[in-house]
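Shown below: query-v8.pdb, with PDB, C-alpha atoms.
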ATOM      1  CA  MET O 366      68.747 -67.544 191.035  1.00  0.00           C
ATOM      2  CA  ARG O 367      69.666 -68.654 194.531  1.00  0.00           C
ATOM      3  CA  PRO O 368      72.008 -66.486 196.658  1.00  0.00           C
ATOM      4  CA  ILE O 369      74.893 -68.988 196.437  1.00  0.00           C
ATOM      5  CA  GLN O 370      74.651 -69.083 192.643  1.00  0.00           C
ATOM      6  CA  LYS O 371      74.735 -65.282 192.516  1.00  0.00           C
ATOM      7  CA  ARG O 372      77.910 -65.224 194.622  1.00  0.00           C
ATOM      8  CA  VAL O 373      79.604 -67.898 192.494  1.00  0.00           C
ATOM      9  CA  SER O 374      78.621 -66.094 189.300  1.00  0.00           C
ATOM     10  CA  LEU O 375      79.914 -62.800 190.680  1.00  0.00           C
ATOM     11  CA  PHE O 376      83.177 -64.459 191.751  1.00  0.00           C
ATOM     12  CA  PHE O 377      83.772 -65.901 188.272  1.00  0.00           C
ATOM     13  CA  LEU O 378      82.916 -62.568 186.656  1.00  0.00           C
ATOM     14  CA  ILE O 379      85.489 -60.820 188.845  1.00  0.00           C
ATOM     15  CA  VAL O 380      88.157 -63.464 188.127  1.00  0.00           C
ATOM     16  CA  LEU O 381      87.447 -63.233 184.393  1.00  0.00           C
ATOM     17  CA  SER O 382      87.755 -59.438 184.536  1.00  0.00           C
ATOM     18  CA  ILE O 383      91.114 -59.702 186.298  1.00  0.00           C
ATOM     19  CA  PHE O 384      92.438 -62.052 183.622  1.00  0.00           C
ATOM     20  CA  ILE O 385      91.224 -59.799 180.819  1.00  0.00           C
ATOM     21  CA  VAL O 386      92.719 -56.654 182.334  1.00  0.00           C
ATOM     22  CA  GLY O 387      95.919 -58.459 183.288  1.00  0.00           C
ATOM     23  CA  GLY O 388      96.254 -59.867 179.783  1.00  0.00           C
ATOM     24  CA  CYS O 389      96.174 -56.368 178.334  1.00  0.00           C
ATOM     25  CA  GLN O 390      99.288 -55.453 180.261  1.00  0.00           C
ATOM     26  CA  ASN O 391     101.560 -58.009 178.607  1.00  0.00           C
ATOM     27  CA  MET O 392     104.016 -55.470 177.193  1.00  0.00           C
ATOM     28  CA  LYS O 393     107.326 -55.348 179.046  1.00  0.00           C
ATOM     29  CA  GLU O 394     108.356 -52.054 180.620  1.00  0.00           C
ATOM     30  CA  ASN O 395     111.422 -51.628 178.382  1.00  0.00           C
ATOM     31  CA  GLU O 396     109.284 -52.221 175.260  1.00  0.00           C
ATOM     32  CA  LYS O 397     106.771 -49.693 176.538  1.00  0.00           C
ATOM     33  CA  GLN O 398     109.487 -47.081 177.163  1.00  0.00           C
ATOM     34  CA  ALA O 399     110.920 -47.634 173.669  1.00  0.00           C
ATOM     35  CA  LEU O 400     107.466 -47.089 172.161  1.00  0.00           C
ATOM     36  CA  PHE O 401     106.966 -43.951 174.254  1.00  0.00           C
ATOM     37  CA  GLN O 402     110.286 -42.548 173.000  1.00  0.00           C
ATOM     38  CA  GLU O 403     109.417 -43.390 169.392  1.00  0.00           C
ATOM     39  CA  ALA O 404     105.954 -41.825 169.720  1.00  0.00           C
ATOM     40  CA  GLU O 405     107.305 -38.658 171.330  1.00  0.00           C
ATOM     41  CA  THR O 406     109.980 -38.246 168.652  1.00  0.00           C
ATOM     42  CA  ARG O 407     107.436 -38.744 165.876  1.00  0.00           C
ATOM     43  CA  ALA O 408     104.993 -36.251 167.422  1.00  0.00           C
ATOM     44  CA  VAL O 409     107.654 -33.563 167.946  1.00  0.00           C
ATOM     45  CA  ASN O 410     108.892 -34.025 164.356  1.00  0.00           C
ATOM     46  CA  TYR O 411     105.309 -33.940 163.052  1.00  0.00           C
ATOM     47  CA  PHE O 412     104.740 -30.461 164.484  1.00  0.00           C
ATOM     48  CA  LYS O 413     108.162 -29.227 163.423  1.00  0.00           C
ATOM     49  CA  ASP O 414     107.868 -30.509 159.844  1.00  0.00           C
ATOM     50  CA  LYS O 415     104.194 -29.767 159.225  1.00  0.00           C
ATOM     51  CA  TYR O 416     103.660 -26.489 161.124  1.00  0.00           C
ATOM     52  CA  GLU O 417     107.149 -25.210 162.039  1.00  0.00           C
ATOM     53  CA  LEU O 418     106.266 -25.464 165.749  1.00  0.00           C
ATOM     54  CA  ASN O 419     108.509 -26.631 168.564  1.00  0.00           C
ATOM     55  CA  VAL O 420     106.455 -28.633 171.021  1.00  0.00           C
ATOM     56  CA  VAL O 421     106.931 -30.506 174.260  1.00  0.00           C
ATOM     57  CA  ILE O 422     105.049 -33.663 175.190  1.00  0.00           C
ATOM     58  CA  THR O 423     103.721 -33.446 178.739  1.00  0.00           C
ATOM     59  CA  SER O 424     102.001 -36.822 179.087  1.00  0.00           C
ATOM     60  CA  LYS O 425     101.881 -40.184 177.332  1.00  0.00           C
ATOM     61  CA  GLU O 426      99.525 -43.097 177.801  1.00  0.00           C
ATOM     62  CA  LEU O 427      99.546 -46.520 176.213  1.00  0.00           C
ATOM     63  CA  LEU O 428      95.974 -47.229 175.176  1.00  0.00           C
ATOM     64  CA  PRO O 429      94.560 -50.701 175.896  1.00  0.00           C
ATOM     65  CA  GLU O 430      96.232 -53.111 173.482  1.00  0.00           C
ATOM     66  CA  MET O 431      93.105 -55.137 172.885  1.00  0.00           C
ATOM     67  CA  ALA O 432      91.352 -52.048 171.502  1.00  0.00           C
ATOM     68  CA  LEU O 433      94.063 -49.961 169.818  1.00  0.00           C
ATOM     69  CA  ASP O 434      97.774 -50.118 169.069  1.00  0.00           C
ATOM     70  CA  SER O 435      98.237 -46.474 169.972  1.00  0.00           C
ATOM     71  CA  ILE O 436      99.869 -44.107 172.384  1.00  0.00           C
ATOM     72  CA  ALA O 437      97.885 -41.012 173.345  1.00  0.00           C
ATOM     73  CA  MET O 438      99.912 -37.876 174.083  1.00  0.00           C
ATOM     74  CA  GLU O 439      99.268 -34.368 175.311  1.00  0.00           C
ATOM     75  CA  GLY O 440     101.528 -31.377 175.037  1.00  0.00           C
ATOM     76  CA  HIS O 441     101.927 -27.730 174.136  1.00  0.00           C
ATOM     77  CA  VAL O 442     104.073 -25.387 172.093  1.00  0.00           C
ATOM     78  CA  VAL O 443     107.365 -24.567 173.808  1.00  0.00           C
ATOM     79  CA  GLU O 444     106.935 -21.519 176.059  1.00  0.00           C
ATOM     80  CA  GLN O 445     103.246 -21.250 175.018  1.00  0.00           C
ATOM     81  CA  GLU O 446     101.359 -23.424 177.486  1.00  0.00           C
ATOM     82  CA  ASP O 447      97.984 -22.160 176.235  1.00  0.00           C
ATOM     83  CA  GLN O 448      98.718 -23.673 172.794  1.00  0.00           C
ATOM     84  CA  GLU O 449      97.782 -27.220 173.813  1.00  0.00           C
ATOM     85  CA  PHE O 450      97.173 -30.321 171.734  1.00  0.00           C
ATOM     86  CA  THR O 451      96.402 -34.003 171.920  1.00  0.00           C
ATOM     87  CA  ILE O 452      97.735 -36.486 169.408  1.00  0.00           C
ATOM     88  CA  SER O 453      98.007 -40.232 169.063  1.00  0.00           C
ATOM     89  CA  TYR O 454     100.608 -42.443 167.455  1.00  0.00           C
ATOM     90  CA  ASP O 455      99.790 -45.863 166.012  1.00  0.00           C
ATOM     91  CA  TYR O 456     102.927 -47.863 166.760  1.00  0.00           C
ATOM     92  CA  ASN O 457     102.030 -50.714 164.384  1.00  0.00           C
ATOM     93  CA  ASP O 458     101.339 -48.484 161.369  1.00  0.00           C
ATOM     94  CA  LYS O 459     104.007 -45.962 162.467  1.00  0.00           C
ATOM     95  CA  LYS O 460     101.589 -43.083 161.823  1.00  0.00           C
ATOM     96  CA  ILE O 461     100.414 -39.997 163.647  1.00  0.00           C
ATOM     97  CA  LYS O 462      96.632 -39.986 164.109  1.00  0.00           C
ATOM     98  CA  ASN O 463      93.865 -38.073 165.873  1.00  0.00           C
ATOM     99  CA  PHE O 464      95.256 -34.570 166.274  1.00  0.00           C
ATOM    100  CA  GLY O 465      93.161 -32.365 168.554  1.00  0.00           C
ATOM    101  CA  MET O 466      94.001 -28.734 169.235  1.00  0.00           C
ATOM    102  CA  SER O 467      93.101 -25.861 171.497  1.00  0.00           C
ATOM    103  CA  PRO O 468      91.863 -22.620 169.923  1.00  0.00           C
ATOM    104  CA  ALA O 469      95.228 -21.011 170.754  1.00  0.00           C
ATOM    105  CA  ILE O 470      97.317 -23.545 168.814  1.00  0.00           C
ATOM    106  CA  LYS O 471      94.813 -23.465 165.959  1.00  0.00           C
ATOM    107  CA  ALA O 472      95.295 -19.688 165.740  1.00  0.00           C
ATOM    108  CA  ALA O 473      99.103 -20.094 165.857  1.00  0.00           C
ATOM    109  CA  ILE O 474      99.029 -22.615 163.010  1.00  0.00           C
ATOM    110  CA  ILE O 475      96.789 -20.394 160.896  1.00  0.00           C
ATOM    111  CA  ALA O 476      99.008 -17.361 161.660  1.00  0.00           C
ATOM    112  CA  LYS O 477     101.950 -19.289 160.177  1.00  0.00           C
ATOM    113  CA  GLY O 478      99.934 -19.715 156.956  1.00  0.00           C
ATOM    114  CA  TYR O 479      98.936 -23.376 157.402  1.00  0.00           C
ATOM    115  CA  ASP O 480      95.508 -24.966 157.309  1.00  0.00           C
ATOM    116  CA  PRO O 481      95.277 -27.184 160.410  1.00  0.00           C
ATOM    117  CA  PHE O 482      92.424 -29.143 158.805  1.00  0.00           C
ATOM    118  CA  ALA O 483      94.169 -29.957 155.504  1.00  0.00           C
ATOM    119  CA  LYS O 484      94.881 -33.640 155.023  1.00  0.00           C
TER     120      LYS O 484
END
Using structure tokens, write down the structure from this file.
Amino acid sequence: MRPIQKRVSLFFLIVLSIFIVGGCQNMKENEKQALFQEAETRAVNYFKDKYELNVVITSKELLPEMALDSIAMEGHVVEQEDQEFTISYDYNDKKIKNFGMSPAIKAAIIAKGYDPFAK
């Protein structure tokens, strides 16, 4: 390939990448905030209903729409920052998914008499 063809090919690859990434960000900010609120409420209620734990969400991230319709969240048990977790919320299916836990929160759940691995 000649040098000019390499530059043109690289230019089009960069432009295509910008369009793909830009297209993934088509959700309006107010829609995004509404989904974040819904996801946080669902996650907090999940822990309260399933494990009798009061939790706080410390971060939320909208995952790329072209791959997943989910919001990833991190948090911890109120006043127990070592009892950390990650959890995701599928906003199309309206379901909690992919719950990951630190050893400390696992121990707290087991101490309350629950099996954190039960489906």
**Prompt:** Met438 of chain O: which residues within 10 Å, counting only C-alpha atoms, same-chain residues fewer than 5 positions away excluded, as a ChimeraX atom specification?
**Reply:** /O:401,404-405,408,422-427,450-454,464
Query raised in the report: What residues come out when you apply the PyMOL selection byres ((chain O and resi 471) around 10) to this file, written as JSON, numbers by chain?
Result: {"O": [448, 449, 450, 465, 466, 467, 468, 469, 470, 472, 473, 474, 475, 476, 479, 480, 481, 482]}
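Distance cut-off 12 Å, centre (103.4, -32.7, 160.4), atoms counted only C-alpha atoms; the residues meeting this are Thr406, Arg407, Ala408, Val409, Asn410, Tyr411, Phe412, Lys413, Asp414, Lys415, Tyr416, Glu417, Leu418, Asn419, Val420, Ile452, Lys460, Ile461, Lys462, Phe464, Ile474, Tyr479, Asp480, Pro481, Phe482, Ala483 and Lys484 of chain O.
Atom CA of Asp455 of chain O sits 5.6 Å away from atom CA of Asp434 of chain O.
Pairwise distance (atom CA of Asn395 of chain O, atom CA of Pro429 of chain O) equals 17.1 Å.
Taking atom CA of Ala399 of chain O and atom CA of Tyr456 of chain O as endpoints, the distance between them is 10.6 Å.
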